[in-house]
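Raw work-v8.txt, compact mmCIF, C-alpha atoms and all ligand atoms:
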# COMPACT_ATOMS: atom_id res chain seq x y z
CA MET A 1 4.57 -9.76 -3.11
CA LYS A 2 1.84 -11.03 -0.74
CA HIS A 3 0.95 -9.13 2.41
CA ASN A 4 -2.19 -7.82 4.12
CA GLY A 5 -0.95 -4.32 4.95
CA LEU A 6 -1.15 -1.07 3.00
CA PHE A 7 1.90 0.53 1.42
CA ILE A 8 1.69 4.25 0.56
CA THR A 9 4.54 6.33 -0.86
CA PHE A 10 5.08 10.06 -1.42
CA GLU A 11 7.16 11.52 -4.23
CA GLY A 12 8.11 14.92 -5.58
CA VAL A 13 10.87 17.43 -6.27
CA GLU A 14 13.01 19.03 -3.55
CA GLY A 15 11.05 21.23 -1.16
CA CYS A 16 7.62 20.09 -2.42
CA GLY A 17 6.20 19.58 1.08
CA LYS A 18 6.26 15.77 1.18
CA SER A 19 7.44 15.46 4.74
CA THR A 20 4.57 17.60 6.05
CA GLN A 21 2.01 15.53 4.13
CA VAL A 22 3.63 12.24 5.24
CA ARG A 23 3.29 13.37 8.85
CA LEU A 24 -0.32 14.59 8.48
CA LEU A 25 -1.44 11.42 6.71
CA ALA A 26 0.37 9.08 9.12
CA ASP A 27 -1.14 10.96 12.11
CA ALA A 28 -4.63 10.79 10.57
CA ILE A 29 -4.39 7.05 9.86
CA GLU A 30 -3.05 6.38 13.35
CA ALA A 31 -5.97 8.33 14.81
CA GLN A 32 -8.26 5.80 13.06
CA GLY A 33 -6.67 3.05 15.16
CA TYR A 34 -4.20 1.59 12.65
CA THR A 35 -0.54 0.88 13.35
CA VAL A 36 1.57 2.99 11.02
CA LEU A 37 5.25 2.68 10.14
CA ARG A 38 6.46 6.05 8.90
CA THR A 39 9.76 5.88 7.15
CA ARG A 40 11.85 7.38 4.35
CA GLU A 41 14.24 6.59 1.52
CA PRO A 42 17.09 6.50 1.35
CA GLY A 43 17.16 5.39 4.97
CA GLY A 44 15.19 3.51 7.59
CA PRO A 45 17.28 0.84 9.36
CA PRO A 46 20.87 1.64 10.45
CA ILE A 47 22.59 0.12 7.40
CA ALA A 48 20.33 2.09 5.04
CA GLU A 49 20.88 5.31 7.05
CA LYS A 50 24.65 4.84 6.65
CA ILE A 51 24.18 4.49 2.89
CA ARG A 52 22.01 7.65 2.98
CA ALA A 53 24.85 9.62 4.57
CA LEU A 54 27.20 8.45 1.80
CA LEU A 55 24.72 9.40 -0.92
CA LEU A 56 23.89 12.87 0.36
CA ASP A 57 27.34 14.00 1.51
CA PRO A 58 28.19 17.06 -0.66
CA ALA A 59 31.88 16.07 -0.41
CA ASN A 60 31.25 12.99 -2.60
CA THR A 61 31.51 14.93 -5.87
CA GLU A 62 33.25 12.03 -7.68
CA MET A 63 30.32 9.64 -7.27
CA LEU A 64 29.37 8.11 -10.62
CA PRO A 65 25.67 7.90 -11.62
CA GLU A 66 25.98 4.10 -11.68
CA THR A 67 27.42 4.01 -8.14
CA GLU A 68 24.68 6.38 -7.00
CA ALA A 69 21.92 4.21 -8.50
CA LEU A 70 23.33 1.03 -6.92
CA LEU A 71 23.66 2.67 -3.50
CA TYR A 72 20.01 3.78 -3.62
CA MET A 73 19.13 0.19 -4.50
CA ALA A 74 21.29 -1.22 -1.68
CA SER A 75 19.60 1.09 0.81
CA ARG A 76 16.19 0.09 -0.58
CA ALA A 77 16.86 -3.66 -0.39
CA GLN A 78 17.86 -3.40 3.27
CA HIS A 79 14.97 -1.08 4.11
CA THR A 80 12.38 -3.19 2.29
CA GLY A 81 13.58 -6.51 3.69
CA GLU A 82 14.27 -5.38 7.24
CA ARG A 83 11.45 -2.90 7.85
CA ILE A 84 8.78 -2.46 5.17
CA LEU A 85 7.88 -6.05 4.30
CA PRO A 86 7.77 -7.28 7.93
CA ALA A 87 5.42 -4.37 8.81
CA LEU A 88 3.15 -5.09 5.82
CA ARG A 89 3.09 -8.80 6.68
CA ARG A 90 1.92 -7.86 10.17
CA GLY A 91 -0.99 -6.04 8.48
CA GLN A 92 0.33 -2.55 9.23
CA VAL A 93 0.17 0.62 7.17
CA VAL A 94 3.51 1.87 5.86
CA VAL A 95 3.86 5.51 4.80
CA CYS A 96 7.18 6.10 3.07
CA ASP A 97 8.75 9.42 2.06
CA ARG A 98 10.11 8.46 -1.42
CA TYR A 99 10.52 4.95 -2.87
CA TYR A 100 11.56 3.58 -6.25
CA ASP A 101 9.82 6.22 -8.37
CA SER A 102 12.52 8.60 -7.09
CA THR A 103 15.12 6.38 -8.74
CA LEU A 104 13.22 6.50 -12.03
CA ALA A 105 13.03 10.32 -11.82
CA TYR A 106 16.51 11.14 -10.40
CA GLN A 107 18.78 8.40 -11.74
CA GLY A 108 16.65 7.63 -14.84
CA ALA A 109 15.21 10.91 -16.16
CA ALA A 110 17.72 13.33 -14.60
CA ARG A 111 21.00 11.30 -14.65
CA LYS A 112 19.89 9.65 -17.91
CA LEU A 113 20.74 6.07 -16.91
CA SER A 114 19.00 3.29 -18.82
CA GLU A 115 15.39 2.91 -17.68
CA ARG A 116 15.48 -0.80 -18.49
CA ALA A 117 18.52 -1.36 -16.28
CA ILE A 118 16.98 0.67 -13.45
CA ARG A 119 13.66 -1.16 -13.63
CA ALA A 120 15.44 -4.52 -13.41
CA GLN A 121 17.39 -3.33 -10.36
CA ILE A 122 14.20 -2.02 -8.76
CA THR A 123 12.52 -5.42 -9.05
CA PHE A 124 15.59 -6.99 -7.42
CA ALA A 125 15.89 -4.42 -4.60
CA THR A 126 12.17 -4.33 -3.73
CA PHE A 127 11.55 -8.10 -3.89
CA GLY A 128 8.78 -7.11 -6.33
CA LEU A 129 6.93 -4.89 -3.84
CA VAL A 130 4.78 -2.17 -5.47
CA PRO A 131 3.05 0.63 -3.49
CA ALA A 132 -0.76 0.48 -3.37
CA ALA A 133 -0.83 4.25 -3.79
CA THR A 134 1.79 6.85 -4.65
CA ILE A 135 1.12 10.54 -4.06
CA LEU A 136 3.10 12.86 -6.30
CA ILE A 137 3.26 16.42 -5.00
CA ASP A 138 3.99 18.37 -8.16
CA LEU A 139 5.62 21.78 -7.88
CA PRO A 140 7.65 24.13 -10.11
CA VAL A 141 11.26 23.37 -9.17
CA GLU A 142 12.12 27.03 -8.54
CA VAL A 143 9.47 27.18 -5.82
CA GLY A 144 10.75 24.03 -4.10
CA LEU A 145 14.43 24.93 -4.32
CA GLY A 146 13.62 28.37 -2.96
CA ARG A 147 12.54 26.67 0.29
CA ILE A 148 15.98 25.06 0.78
CA ASP A 149 18.84 26.64 2.71
CA PRO A 150 21.74 26.62 0.16
CA ILE A 151 24.36 26.25 2.91
CA ARG A 152 22.76 23.07 4.23
CA ALA A 153 21.85 21.68 0.78
CA ASP A 154 22.83 18.03 0.21
CA ARG A 155 24.65 16.60 -2.83
CA LEU A 156 21.47 16.14 -4.90
CA GLU A 157 19.92 19.44 -3.92
CA ARG A 158 23.09 21.15 -5.24
CA GLU A 159 22.42 19.96 -8.81
CA ASP A 160 21.44 22.67 -11.32
CA LEU A 161 17.96 23.79 -12.32
CA ALA A 162 17.91 21.72 -15.52
CA PHE A 163 18.59 18.55 -13.46
CA HIS A 164 15.67 19.29 -11.15
CA GLN A 165 13.43 20.09 -14.12
CA ARG A 166 14.20 16.65 -15.57
CA VAL A 167 13.34 15.14 -12.16
CA ARG A 168 9.96 16.91 -12.17
CA GLN A 169 9.17 15.78 -15.72
CA GLY A 170 10.41 12.27 -14.89
CA PHE A 171 7.87 12.00 -12.06
CA LEU A 172 5.04 13.30 -14.26
CA ASP A 173 5.94 10.76 -16.96
CA VAL A 174 5.98 7.84 -14.51
CA ALA A 175 2.63 8.97 -13.10
CA LYS A 176 1.13 8.96 -16.61
CA VAL A 177 2.21 5.35 -17.19
CA GLU A 178 0.51 4.13 -14.00
CA PRO A 179 -2.49 6.44 -13.40
CA GLN A 180 -4.25 3.83 -11.23
CA ARG A 181 -1.42 3.85 -8.66
CA TYR A 182 -0.70 7.58 -8.75
CA LEU A 183 -2.48 10.60 -7.28
CA VAL A 184 -0.93 13.81 -8.62
CA VAL A 185 -1.61 16.90 -6.51
CA ASP A 186 -0.60 20.54 -6.86
CA GLY A 187 2.04 21.41 -4.25
CA GLN A 188 1.00 25.07 -4.40
CA GLU A 189 -2.37 24.29 -2.80
CA LYS A 190 -2.84 24.99 0.91
CA ILE A 191 -1.45 22.31 3.26
CA GLU A 192 -4.90 21.48 4.69
CA GLU A 193 -6.54 21.19 1.26
CA LEU A 194 -3.79 18.91 0.05
CA HIS A 195 -4.15 16.76 3.14
CA LEU A 196 -7.92 16.41 2.55
CA ARG A 197 -7.38 15.46 -1.09
CA ILE A 198 -4.80 12.84 -0.09
CA LYS A 199 -7.06 11.40 2.63
CA ARG A 200 -9.93 11.12 0.14
CA HIS A 201 -7.67 9.01 -2.06
CA VAL A 202 -6.19 6.82 0.68
CA TYR A 203 -9.16 6.14 2.96
CA PRO A 204 -11.02 3.86 0.51
CA LEU A 205 -7.84 1.75 0.37
CA LEU A 206 -7.82 1.48 4.16
CA GLN A 207 -11.42 0.30 4.12
CA LYS A 208 -10.60 -2.36 1.54
CA MET A 209 -7.86 -3.65 3.87
CA GLU A 210 -10.44 -4.73 6.42
CA LEU A 211 -12.34 -6.96 4.00
P1 LIG B 1 15.03 13.67 0.73
O1 LIG B 1 15.70 14.99 0.52
O2 LIG B 1 13.62 13.64 0.25
O3 LIG B 1 15.23 13.08 2.07
O4 LIG B 1 15.74 12.63 -0.32
C1 LIG B 1 17.07 12.51 -0.40
C2 LIG B 1 17.59 12.79 -1.79
O5 LIG B 1 17.82 11.57 -2.50
C3 LIG B 1 16.69 13.64 -2.68
O6 LIG B 1 17.52 14.61 -3.31
C4 LIG B 1 16.19 12.68 -3.71
C5 LIG B 1 17.27 11.66 -3.80
N1 LIG B 1 16.87 10.31 -4.22
C6 LIG B 1 17.36 9.79 -5.43
O7 LIG B 1 18.09 10.48 -6.15
N2 LIG B 1 17.01 8.51 -5.77
C7 LIG B 1 16.23 7.72 -4.97
O8 LIG B 1 15.94 6.57 -5.32
C8 LIG B 1 15.73 8.27 -3.72
C9 LIG B 1 14.89 7.44 -2.82
C10 LIG B 1 16.08 9.57 -3.39
Please render this file's structure as structure tokens.
Amino acid sequence: MKHNGLFITFEGVEGCGKSTQVRLLADAIEAQGYTVLRTREPGGPPIAEKIRALLLDPANTEMLPETEALLYMASRAQHTGERILPALRRGQVVVCDRYYDSTLAYQGAARKLSERAIRAQITFATFGLVPAATILIDLPVEVGLGRIDPIRADRLEREDLAFHQRVRQGFLDVAKVEPQRYLVVDGQEKIEELHLRIKRHVYPLLQKMEL
């Protein structure tokens, strides 16, 4: 997928601190004079946000894993085609809170759907787009879940501990397969230290963009 922008994604278990690091990194890159699109999955444009509501509604207890996977893909196709690719083609930086690695961890490792089937759907839904860098904020699931208000928890957050442990392991396994794309950081480090580590990884990629 040809473009002259920079696509960065963040991944991790529930409550790992992704949103804070997305905000800090996007602010820092913007302060360097770049145009940044900050976005999230599932979500982004209105159609994808509607699919997000369907996916996360705790009332949807009957949703099958296959339906869930396809809805994440539908949201991703719309988001990628309508927002992410146009921004990258304009030479912008896109910082996205979750992307397809979440499907590999949640619907693949945790829901135990076929990895082959999921990977084929990912290629279809992303038009072949691959992030230049993916930051995995690793954290013991008990710590992350402890940061979530159980009354406001969404459908996925309500899954049991074993589910979230498979998600964590799923992310670590994906990161091992593609070490050149992944930066794995310890979510128990201080926010500022994590931010510095992430900047050190991303800034050389920004410089390469200008060549
Ligand atoms: P958020 O809580 O980070 O906004 O993400 C929404 C939930 O959706 C979270 O529980 C992770 C889950 N998710 C998947 O299961 N598969 C996916 O492909 C994505 C992007 C998110």
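Note that the spacing between atom CA of A:Ala110 and atom CA of A:Ala153 amounts to 18.0 Å.
For the pair atom CA of A:Ala26 and atom CA of A:His164, the separation is 27.4 Å.
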Near-ligand residues for ligand LIG 1 (chain B), threshold 10 Å, only C-alpha atoms and all ligand atoms, as a PyMOL selection string: chain A and resi 10-19+40-43+52-53+55-56+65+68-73+75-76+96-108+110-111+122+153-159+164+167
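Note that the spacing between atom CA of A:Ile47 and atom CA of A:Gln78 amounts to 7.2 Å.
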Non-local contacts of stretch 85-93 of chain A (10 Å; only C-alpha atoms; under 3 positions in same chain excluded) as an MDAnalysis selection string: chainID A and resid 1:8 26 29:30 34:38 79:82 96 126:127 129 206 209:210
Restricted to C-alpha atoms, what would the selected residues look like written as an mmCIF file, in the coordinates of the input?
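Writing done, so here's selection.cif:
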data_model
loop_
_atom_site.group_PDB
_atom_site.id
_atom_site.type_symbol
_atom_site.label_atom_id
_atom_site.label_comp_id
_atom_site.auth_asym_id
_atom_site.auth_seq_id
_atom_site.Cartn_x
_atom_site.Cartn_y
_atom_site.Cartn_z
ATOM 1 C CA MET A 1 4.570 -9.760 -3.110
ATOM 2 C CA LYS A 2 1.840 -11.030 -0.740
ATOM 3 C CA HIS A 3 0.950 -9.130 2.410
ATOM 4 C CA ASN A 4 -2.190 -7.820 4.120
ATOM 5 C CA GLY A 5 -0.950 -4.320 4.950
ATOM 6 C CA LEU A 6 -1.150 -1.070 3.000
ATOM 7 C CA PHE A 7 1.900 0.530 1.420
ATOM 8 C CA ILE A 8 1.690 4.250 0.560
ATOM 9 C CA ALA A 26 0.370 9.080 9.120
ATOM 10 C CA ILE A 29 -4.390 7.050 9.860
ATOM 11 C CA GLU A 30 -3.050 6.380 13.350
ATOM 12 C CA TYR A 34 -4.200 1.590 12.650
ATOM 13 C CA THR A 35 -0.540 0.880 13.350
ATOM 14 C CA VAL A 36 1.570 2.990 11.020
ATOM 15 C CA LEU A 37 5.250 2.680 10.140
ATOM 16 C CA ARG A 38 6.460 6.050 8.900
ATOM 17 C CA HIS A 79 14.970 -1.080 4.110
ATOM 18 C CA THR A 80 12.380 -3.190 2.290
ATOM 19 C CA GLY A 81 13.580 -6.510 3.690
ATOM 20 C CA GLU A 82 14.270 -5.380 7.240
ATOM 21 C CA CYS A 96 7.180 6.100 3.070
ATOM 22 C CA THR A 126 12.170 -4.330 -3.730
ATOM 23 C CA PHE A 127 11.550 -8.100 -3.890
ATOM 24 C CA LEU A 129 6.930 -4.890 -3.840
ATOM 25 C CA LEU A 206 -7.820 1.480 4.160
ATOM 26 C CA MET A 209 -7.860 -3.650 3.870
ATOM 27 C CA GLU A 210 -10.440 -4.730 6.420
#
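Closest approach to A:Arg197 from the set A:Leu54, A:Leu172, A:Ile151, A:Ile135 is made by A:Ile135, with distances taken over only C-alpha atoms.
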